[in-house]
Structures are given as structure tokens and as C-alpha cells.
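Here is the structure we will look at.
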Amino acid sequence: MSRTLVTGSAGRLGRSVVCALAAAGHEVIGVDRAHGTPAVAAAELPADLTDLGEAYEVIARFRPDAVVHLAAIATPFSRSDVVTFRTNTQLAFNVCDAAVALGVGKVIVASSPTVIGYGSPNGWTPGYLPIDEAHPTRPWNAYSLSKLVAEETMRSFARTATTTRLAALRPCFVIAPEEWDGAPTQSGHTVAERLDRPDIAGVSLFNYIDARDAAELVIALLDRLPGLPNGEVFFAGAADALAREPLADLLPRVIPSTAEFAAALTGSAPAFSSVKAERLLGWQAKRSWRTELSEGTI
């Protein structure tokens with residue numbers, strides 16, 4: 001049995017990751033300052049991982065085989081810029097530093113598609129569509145910048161680590177299982193509202209992923225990490241867009257600067273590509289809003 005420590009275990013994605021890991025036979029240690037870690041976790045510990053000493057203490061206490069680092073201020077502008085940047089970057093550094101120093105074998109760090117820079121108040125034009133991991137990053141707010149710094153922090157440790165394999169994951173707009181039944185999403189809107197109002201979902205290019213699919217990608221990445229180059233980054237998105245119309249037609253109406261490239265997004269194709277995860281990890285998203293959204297909310 002592999003012991004896996006999940007930071008942010010009570011969060012929107014963390015809960016599904018804990019459940020999926022436990023179902024796959026992992027002994028899961030949940031670490032979160034908030035309550036809500038699923039009961040399937042073998043242990044739950046409230047800890048402030050922005051304190052480097054506490055990060056070391058937690059990892060030294062449980063000696064996990066792997067760490068899945070999800071803890072963060074999870075949305076842009078939900079806290080002041082200085083708190084968002086300081087918290088997210090300090091968390092990433094402390095977790096990576098402690099994990100590498102104490103010999104943890106595998107570390108996954110959560111990043112975000114926002115590092116691409118969409119939604120900038122000064123305008124944004126993609127280099128191409130669909131967007132993959134090679135697309136230039138252009139963060140413009142404290143949250144997206146903090147996530148790019150988290151990625152670079154992971155890469156810096158990957159360059160020198162001898163026994164630890166590290167990677168970063170960019171999960172699209174995470175939808176927890178209860179949100180298909182009408183619970184508010186992280187934006188405060190329901191999934192149905194995001195579908196009915198393209199101005200809401202369009203800001204993030206209509207991207208999304210079911211939390212359970214993202215959790216399955218975490219498991220696939222943990223399994224394949226030893227055979228990957230150290231420091232890889234992966235997008236994790238649904239196989240379709242969170243939109244009732246093809247993005248080839250819809251996206252230029254919401255973000256005119258995408259018109260040159262949107263023609264490639266025919267049918268239900270999403271704006272973000274997860275082909276790298278499929279190719280290197282054998283992972284594909286299984287769930288779609290078309291199958292998961294409760295009938296009464298469509």
C-alpha cells in the first residue's frame with residue numbers, strides 16, 4: 001500500500017482526489033486547515049503549511065511515498081493580491097522543499113490554466129487554439145502569477161532532485177459532483193448558469209473538468225511519474241467545452257481576439273488540449289456536462 005499525503009484535502013478537488021486514491025488502495029493522509037476531508041482518509045491533520053517548520057513536521061511525521069499538493073487560495077480576487085501571492089507561492093515552496101529534503105518519492109503540484117493569461121483587462125489573444133502545454137504563459141494577476149511561480153518552484157526542485165519525481169497539473173475549472181445537482185460552483189454560479197450565460201464561462205474559454213476525472217489523472221500521473229522526465233506539466237480538461245454551441249462560433253462572439261484561431265474548435269471541441277496527458281499517461285476525461293448535469297437543471 002502506498003501512503004499518499006494530500007494537501008487541501010477538504011477542497012473542491014481535494015475531496016475527489018482523496019476518495020479516488022483510497023478506492024485505488026492508497027493509504028491517504030489528508031492535510032487541510034478546514035474540515036471536510038472525506039472519512040475514507042486514514043488520517044486528517046489541520047496544518048498551516050505556509051510555515052516551513054510545520055511543513056517539515058507533517059511530512060516527517062507521516063513519511064508519505066507521495067505528496068499531492070492542492071492546498072491554495074483557489075480563485076483569483078477572493079483575497080487581497082499580496083495574501084494570494086504570498087500564500088500560494090509559500091505553500092508550493094515549503095511542500096516541495098520538505099518533500100525533497102525528506103526523500104518523498106513523488107510530488108504533484110497543482111497549477112492552473114490561468115497562467116495562459118486569458119481575461120486580461122488589456123486584452124488577450126491566443127497564440128493558437130486549442131491551447132496545449134507549449135503555449136506561452138502570460139499571467140496578469142496575483143493568482144495566475146502565483147500559480148506560474150508554483151510551477152517554476154516545482155521545476156527548480158526537479159532540476160536538482162535525485163530521488164524525487166515531480167510534476168505539475170493544470171486542472172481546468174473544477175466541478176465537484178454535487179455541483180451537477182445545482183450546488184454553486186467556485187464562481188458562485190451554477191453549472192446551468194454558466195451554460196446559459198456565455199459571458200460567465202467565456203472568460204475562462206469555457207473550460208472545465210469533473211473533479212473525479214481530475215482525480216483519476218492524479219492517480220495516472222502518480223503511476224507514470226517514475227518514467228517521465230522530471231518536471232513535466234499537464235493540462236487536465238474535459239473532452240468537450242462547457243458550451244451549448246461550437247466554440248468555433250461562440251468564442252469569437254465572447255472574445256473577438258480569438259476569431260483568427262477559433263475555427264479549429266468545431267463540434268464540441270474544447271479550447272484546452274489534454275492530448276499530452278492522453279499520450280504520456282493514458283488518461284482521458286470520461287465525464288461531460290451532457291451526461292452529468294441533472295435533468296432538472298439543463
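By order of appearance in the C-alpha cells: chains A, B, ..., then residues from 1 within every chain, and ligands from 1 in the order shown.
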
Hey, could you make a per-residue contact list for region 81-114 of chain A against region 160-166 of chain A with 12 Å as the cut-off, showing the nearest pair of atoms and its distance in Å to one decimal, counting only C-alpha atoms, sorted by chain and number, as CSV?
residue,atom,partner,partner_atom,distance
A:Ala92,CA,A:Leu166,CA,12.0
A:Val95,CA,A:Leu166,CA,11.6
A:Cys96,CA,A:Leu166,CA,8.8
A:Asp97,CA,A:Ala161,CA,10.2
A:Ala98,CA,A:Thr164,CA,11.2
A:Ala99,CA,A:Thr164,CA,8.0
A:Val100,CA,A:Thr164,CA,6.0
A:Ala101,CA,A:Ala161,CA,8.9
A:Leu102,CA,A:Thr164,CA,9.6
A:Gly103,CA,A:Thr163,CA,6.6
A:Val104,CA,A:Thr164,CA,6.0
A:Gly105,CA,A:Thr164,CA,4.5
A:Lys106,CA,A:Arg165,CA,4.8
A:Val107,CA,A:Leu166,CA,4.7
A:Ile108,CA,A:Leu166,CA,5.8
A:Val109,CA,A:Leu166,CA,7.8
A:Ala110,CA,A:Leu166,CA,11.1

Can those selected residues be exported to a file as a CSV table (one decimal), in the first residue's frame so that it contains all heavy atoms?
chain,number,residue,atom,x,y,z
A,92,ALA,N,3.7,26.3,-2.1
A,92,ALA,CA,4.4,25.4,-3.1
A,92,ALA,C,5.9,25.2,-2.7
A,92,ALA,O,6.4,24.1,-2.8
A,92,ALA,CB,4.3,26.1,-4.5
A,95,VAL,N,6.2,22.9,0.6
A,95,VAL,CA,5.9,21.5,0.4
A,95,VAL,C,7.0,20.8,-0.5
A,95,VAL,O,7.4,19.7,-0.1
A,95,VAL,CB,4.5,21.4,-0.3
A,95,VAL,CG1,4.2,19.9,-0.8
A,95,VAL,CG2,3.4,21.8,0.6
A,96,CYS,N,7.4,21.5,-1.5
A,96,CYS,CA,8.5,20.9,-2.3
A,96,CYS,C,9.8,20.7,-1.6
A,96,CYS,O,10.4,19.7,-1.6
A,96,CYS,CB,8.7,21.7,-3.6
A,96,CYS,SG,7.4,21.6,-4.8
A,97,ASP,N,10.1,21.8,-0.8
A,97,ASP,CA,11.4,21.7,0.0
A,97,ASP,C,11.3,20.6,1.0
A,97,ASP,O,12.3,19.8,1.1
A,97,ASP,CB,11.6,23.1,0.7
A,97,ASP,CG,13.0,23.2,1.3
A,97,ASP,OD1,13.9,23.1,0.5
A,97,ASP,OD2,13.1,23.5,2.5
A,98,ALA,N,10.3,20.5,1.7
A,98,ALA,CA,10.2,19.4,2.7
A,98,ALA,C,10.1,18.1,2.1
A,98,ALA,O,10.8,17.1,2.6
A,98,ALA,CB,9.0,19.7,3.6
A,99,ALA,N,9.4,17.9,1.0
A,99,ALA,CA,9.2,16.6,0.4
A,99,ALA,C,10.5,16.1,-0.2
A,99,ALA,O,10.9,15.0,0.0
A,99,ALA,CB,8.2,16.7,-0.7
A,100,VAL,N,11.3,17.0,-0.9
A,100,VAL,CA,12.5,16.6,-1.5
A,100,VAL,C,13.6,16.3,-0.4
A,100,VAL,O,14.3,15.3,-0.4
A,100,VAL,CB,13.0,17.7,-2.4
A,100,VAL,CG1,14.4,17.4,-2.9
A,100,VAL,CG2,12.1,17.8,-3.6
A,101,ALA,N,13.7,17.2,0.6
A,101,ALA,CA,14.7,17.0,1.7
A,101,ALA,C,14.4,15.7,2.5
A,101,ALA,O,15.4,15.1,2.9
A,101,ALA,CB,14.6,18.2,2.6
A,102,LEU,N,13.2,15.4,2.6
A,102,LEU,CA,12.8,14.2,3.4
A,102,LEU,C,12.6,12.9,2.6
A,102,LEU,O,12.2,11.9,3.1
A,102,LEU,CB,11.6,14.5,4.3
A,102,LEU,CG,11.8,15.6,5.3
A,102,LEU,CD1,10.5,15.9,6.0
A,102,LEU,CD2,12.8,15.2,6.4
A,103,GLY,N,13.0,13.0,1.3
A,103,GLY,CA,13.0,11.8,0.5
A,103,GLY,C,11.7,11.3,0.0
A,103,GLY,O,11.6,10.1,-0.3
A,104,VAL,N,10.7,12.1,-0.1
A,104,VAL,CA,9.4,11.7,-0.7
A,104,VAL,C,9.6,11.3,-2.2
A,104,VAL,O,10.3,12.1,-2.9
A,104,VAL,CB,8.3,12.8,-0.6
A,104,VAL,CG1,7.0,12.4,-1.3
A,104,VAL,CG2,8.0,13.1,0.9
A,105,GLY,N,9.1,10.2,-2.6
A,105,GLY,CA,9.4,9.7,-4.0
A,105,GLY,C,8.7,10.5,-5.1
A,105,GLY,O,9.3,10.6,-6.2
A,106,LYS,N,7.5,11.0,-4.8
A,106,LYS,CA,6.7,11.6,-5.9
A,106,LYS,C,6.0,12.8,-5.3
A,106,LYS,O,5.4,12.8,-4.3
A,106,LYS,CB,5.6,10.6,-6.4
A,106,LYS,CG,6.2,9.3,-6.9
A,106,LYS,CD,5.1,8.3,-7.3
A,106,LYS,CE,5.6,6.9,-7.7
A,106,LYS,NZ,4.5,6.0,-8.0
A,107,VAL,N,6.0,13.9,-6.1
A,107,VAL,CA,5.3,15.1,-5.8
A,107,VAL,C,4.5,15.7,-7.0
A,107,VAL,O,5.1,15.8,-8.0
A,107,VAL,CB,6.3,16.2,-5.2
A,107,VAL,CG1,5.5,17.5,-4.9
A,107,VAL,CG2,7.0,15.7,-4.0
A,108,ILE,N,3.2,15.9,-6.8
A,108,ILE,CA,2.4,16.6,-7.8
A,108,ILE,C,2.0,17.9,-7.2
A,108,ILE,O,1.5,18.0,-6.1
A,108,ILE,CB,1.2,15.8,-8.2
A,108,ILE,CG1,1.7,14.5,-8.9
A,108,ILE,CG2,0.3,16.6,-9.2
A,108,ILE,CD1,0.5,13.5,-9.2
A,109,VAL,N,2.2,19.0,-8.0
A,109,VAL,CA,1.8,20.4,-7.6
A,109,VAL,C,0.7,20.9,-8.5
A,109,VAL,O,0.8,20.8,-9.7
A,109,VAL,CB,3.0,21.3,-7.6
A,109,VAL,CG1,2.6,22.8,-7.4
A,109,VAL,CG2,4.1,20.9,-6.7
A,110,ALA,N,-0.4,21.4,-7.9
A,110,ALA,CA,-1.5,21.9,-8.7
A,110,ALA,C,-1.2,23.3,-9.1
A,110,ALA,O,-0.8,24.2,-8.3
A,110,ALA,CB,-2.8,21.9,-7.8

Using only C-alpha atoms, tabulate the residues of region 78-161 of chain A lying at most 7 Å from any atom of region 231-243 of chain A, each with its closest atom pair and that distance in Å to one decimal, by chain and increasing residue number, as a tab-separated table.
residue	atom	partner	partner_atom	distance
A:Glu133	CA	A:Phe234	CA	6.6
A:Met154	CA	A:Gly231	CA	6.7
A:Arg155	CA	A:Gly231	CA	5.0
A:Ala158	CA	A:Gly231	CA	5.3

message: Considering only strand (DSSP E) as DSSP defines it on the backbone, what residues of region 2-240 of chain A qualify? List them as an NGL selection string.
response: :A and (3-7 or 27-31 or 43-45 or 66-69 or 106-110 or 165-171 or 174-175 or 209-210 or 232-236)

Generate the output file for the selected residues, N, CA, C and O atoms, as a short mmCIF file (atom, residue, chain, number, x, y, z; two decimals), in the first residue's frame.
data_model
loop_
_atom_site.label_atom_id
_atom_site.label_comp_id
_atom_site.auth_asym_id
_atom_site.auth_seq_id
_atom_site.Cartn_x
_atom_site.Cartn_y
_atom_site.Cartn_z
N ARG A 3 1.43 5.18 0.71
CA ARG A 3 0.90 6.24 1.56
C ARG A 3 1.03 7.57 0.81
O ARG A 3 2.14 7.97 0.43
N THR A 4 -0.10 8.23 0.60
CA THR A 4 -0.12 9.47 -0.17
C THR A 4 -0.71 10.58 0.67
O THR A 4 -1.81 10.45 1.20
N LEU A 5 0.03 11.67 0.79
CA LEU A 5 -0.42 12.82 1.55
C LEU A 5 -1.01 13.84 0.59
O LEU A 5 -0.38 14.21 -0.40
N VAL A 6 -2.24 14.27 0.87
CA VAL A 6 -2.95 15.22 0.02
C VAL A 6 -3.13 16.51 0.79
O VAL A 6 -3.83 16.53 1.82
N THR A 7 -2.53 17.60 0.33
CA THR A 7 -2.79 18.90 0.94
C THR A 7 -4.03 19.50 0.28
O THR A 7 -4.31 19.25 -0.88
N GLU A 27 -3.15 4.49 1.12
CA GLU A 27 -3.41 5.00 2.46
C GLU A 27 -3.28 6.52 2.37
O GLU A 27 -2.20 7.04 2.10
N VAL A 28 -4.38 7.22 2.57
CA VAL A 28 -4.42 8.66 2.31
C VAL A 28 -4.33 9.44 3.61
O VAL A 28 -5.07 9.17 4.57
N ILE A 29 -3.44 10.41 3.62
CA ILE A 29 -3.33 11.35 4.73
C ILE A 29 -3.82 12.70 4.24
O ILE A 29 -3.25 13.27 3.29
N GLY A 30 -4.87 13.21 4.82
CA GLY A 30 -5.42 14.50 4.43
C GLY A 30 -4.89 15.62 5.30
O GLY A 30 -4.88 15.49 6.52
N VAL A 31 -4.43 16.69 4.66
CA VAL A 31 -3.94 17.85 5.40
C VAL A 31 -4.69 19.08 4.91
O VAL A 31 -4.63 19.43 3.73
N ALA A 43 -6.02 9.31 7.92
CA ALA A 43 -5.77 10.32 8.95
C ALA A 43 -6.03 11.70 8.37
O ALA A 43 -5.91 11.91 7.16
N GLU A 44 -6.41 12.62 9.24
CA GLU A 44 -6.67 14.00 8.83
C GLU A 44 -5.97 14.92 9.81
O GLU A 44 -6.08 14.73 11.04
N LEU A 45 -5.23 15.89 9.28
CA LEU A 45 -4.47 16.78 10.16
C LEU A 45 -4.64 18.23 9.71
O LEU A 45 -4.37 18.56 8.55
N ALA A 66 4.21 9.63 -1.50
CA ALA A 66 3.87 10.65 -2.49
C ALA A 66 3.13 11.79 -1.81
O ALA A 66 2.45 11.60 -0.80
N VAL A 67 3.26 12.98 -2.40
CA VAL A 67 2.52 14.16 -1.95
C VAL A 67 1.78 14.75 -3.14
O VAL A 67 2.38 14.98 -4.20
N VAL A 68 0.49 14.98 -2.97
CA VAL A 68 -0.32 15.67 -3.96
C VAL A 68 -0.67 17.02 -3.35
O VAL A 68 -1.47 17.10 -2.42
N HIS A 69 -0.04 18.07 -3.87
CA HIS A 69 -0.19 19.40 -3.26
C HIS A 69 -1.28 20.19 -3.97
O HIS A 69 -1.07 20.71 -5.07
N LYS A 106 7.48 10.96 -4.83
CA LYS A 106 6.68 11.58 -5.89
C LYS A 106 5.97 12.81 -5.34
O LYS A 106 5.40 12.77 -4.26
N VAL A 107 5.97 13.88 -6.14
CA VAL A 107 5.29 15.11 -5.75
C VAL A 107 4.54 15.67 -6.96
O VAL A 107 5.13 15.84 -8.03
N ILE A 108 3.25 15.94 -6.78
CA ILE A 108 2.45 16.62 -7.80
C ILE A 108 2.00 17.95 -7.23
O ILE A 108 1.46 18.01 -6.12
N VAL A 109 2.20 19.02 -7.99
CA VAL A 109 1.83 20.37 -7.57
C VAL A 109 0.71 20.88 -8.47
O VAL A 109 0.82 20.81 -9.70
N ALA A 110 -0.37 21.37 -7.88
CA ALA A 110 -1.48 21.90 -8.66
C ALA A 110 -1.18 23.31 -9.13
O ALA A 110 -0.82 24.19 -8.34
N ARG A 165 10.54 12.49 -7.88
CA ARG A 165 9.99 12.82 -9.19
C ARG A 165 8.86 13.82 -8.99
O ARG A 165 7.96 13.60 -8.16
N LEU A 166 8.89 14.92 -9.76
CA LEU A 166 7.91 15.99 -9.58
C LEU A 166 7.22 16.32 -10.89
O LEU A 166 7.78 16.14 -11.98
N ALA A 167 5.99 16.80 -10.79
CA ALA A 167 5.21 17.25 -11.95
C ALA A 167 4.18 18.25 -11.47
O ALA A 167 3.89 18.36 -10.28
N ALA A 168 3.63 19.00 -12.43
CA ALA A 168 2.56 19.96 -12.12
C ALA A 168 1.35 19.64 -12.98
O ALA A 168 1.47 19.14 -14.11
N LEU A 169 0.20 19.93 -12.43
CA LEU A 169 -1.08 19.68 -13.08
C LEU A 169 -1.84 20.99 -13.18
O LEU A 169 -1.93 21.73 -12.21
N ARG A 170 -2.40 21.27 -14.37
CA ARG A 170 -3.23 22.46 -14.57
C ARG A 170 -4.68 22.03 -14.77
O ARG A 170 -5.15 21.90 -15.91
N PRO A 171 -5.41 21.79 -13.70
CA PRO A 171 -6.81 21.39 -13.88
C PRO A 171 -7.67 22.55 -14.31
O PRO A 171 -7.57 23.66 -13.77
N VAL A 174 -12.79 23.34 -12.07
CA VAL A 174 -13.17 22.08 -11.42
C VAL A 174 -14.63 22.12 -10.98
O VAL A 174 -15.06 23.05 -10.29
N ILE A 175 -15.36 21.08 -11.38
CA ILE A 175 -16.76 20.94 -10.99
C ILE A 175 -16.87 19.71 -10.09
O ILE A 175 -16.60 18.58 -10.52
N ILE A 209 -13.57 20.69 -15.87
CA ILE A 209 -13.29 19.27 -15.69
C ILE A 209 -14.06 18.78 -14.47
O ILE A 209 -14.16 19.49 -13.46
N ASP A 210 -14.61 17.59 -14.57
CA ASP A 210 -15.23 16.95 -13.41
C ASP A 210 -14.12 16.59 -12.42
O ASP A 210 -13.07 16.06 -12.81
N GLU A 232 7.58 17.68 -15.54
CA GLU A 232 6.57 17.83 -16.60
C GLU A 232 5.33 18.57 -16.08
O GLU A 232 5.03 18.57 -14.89
N VAL A 233 4.60 19.20 -17.02
CA VAL A 233 3.37 19.91 -16.71
C VAL A 233 2.26 19.39 -17.61
O VAL A 233 2.49 19.14 -18.81
N PHE A 234 1.06 19.21 -17.05
CA PHE A 234 -0.05 18.65 -17.80
C PHE A 234 -1.32 19.47 -17.61
O PHE A 234 -1.68 19.83 -16.49
N PHE A 235 -2.01 19.75 -18.72
CA PHE A 235 -3.37 20.25 -18.65
C PHE A 235 -4.31 19.10 -18.34
O PHE A 235 -4.08 17.95 -18.76
N ALA A 236 -5.38 19.40 -17.61
CA ALA A 236 -6.43 18.41 -17.33
C ALA A 236 -7.77 19.06 -17.61
O ALA A 236 -8.21 19.93 -16.87
#

query: Nearest to Pro270 (chain A): which of A:Pro130, A:Leu195, A:Val149, A:Ser294 is it, counting only C-alpha atoms?
result: A:Pro130

query: as an NGL selection string, which residues of region 89-221 of chain A does DSSP assign to alpha helix (DSSP H)?
result: :A and (89-101 or 142-160 or 191-196 or 198-201 or 211-221)

- request: Can you pull out every residue within 10 Å of Ala34 (chain A), counting only C-alpha atoms, but drop anything in the same chain fewer than 4 positions away, and send it as a PyMOL selection string?
  value: chain A and resi 8-11+45-47
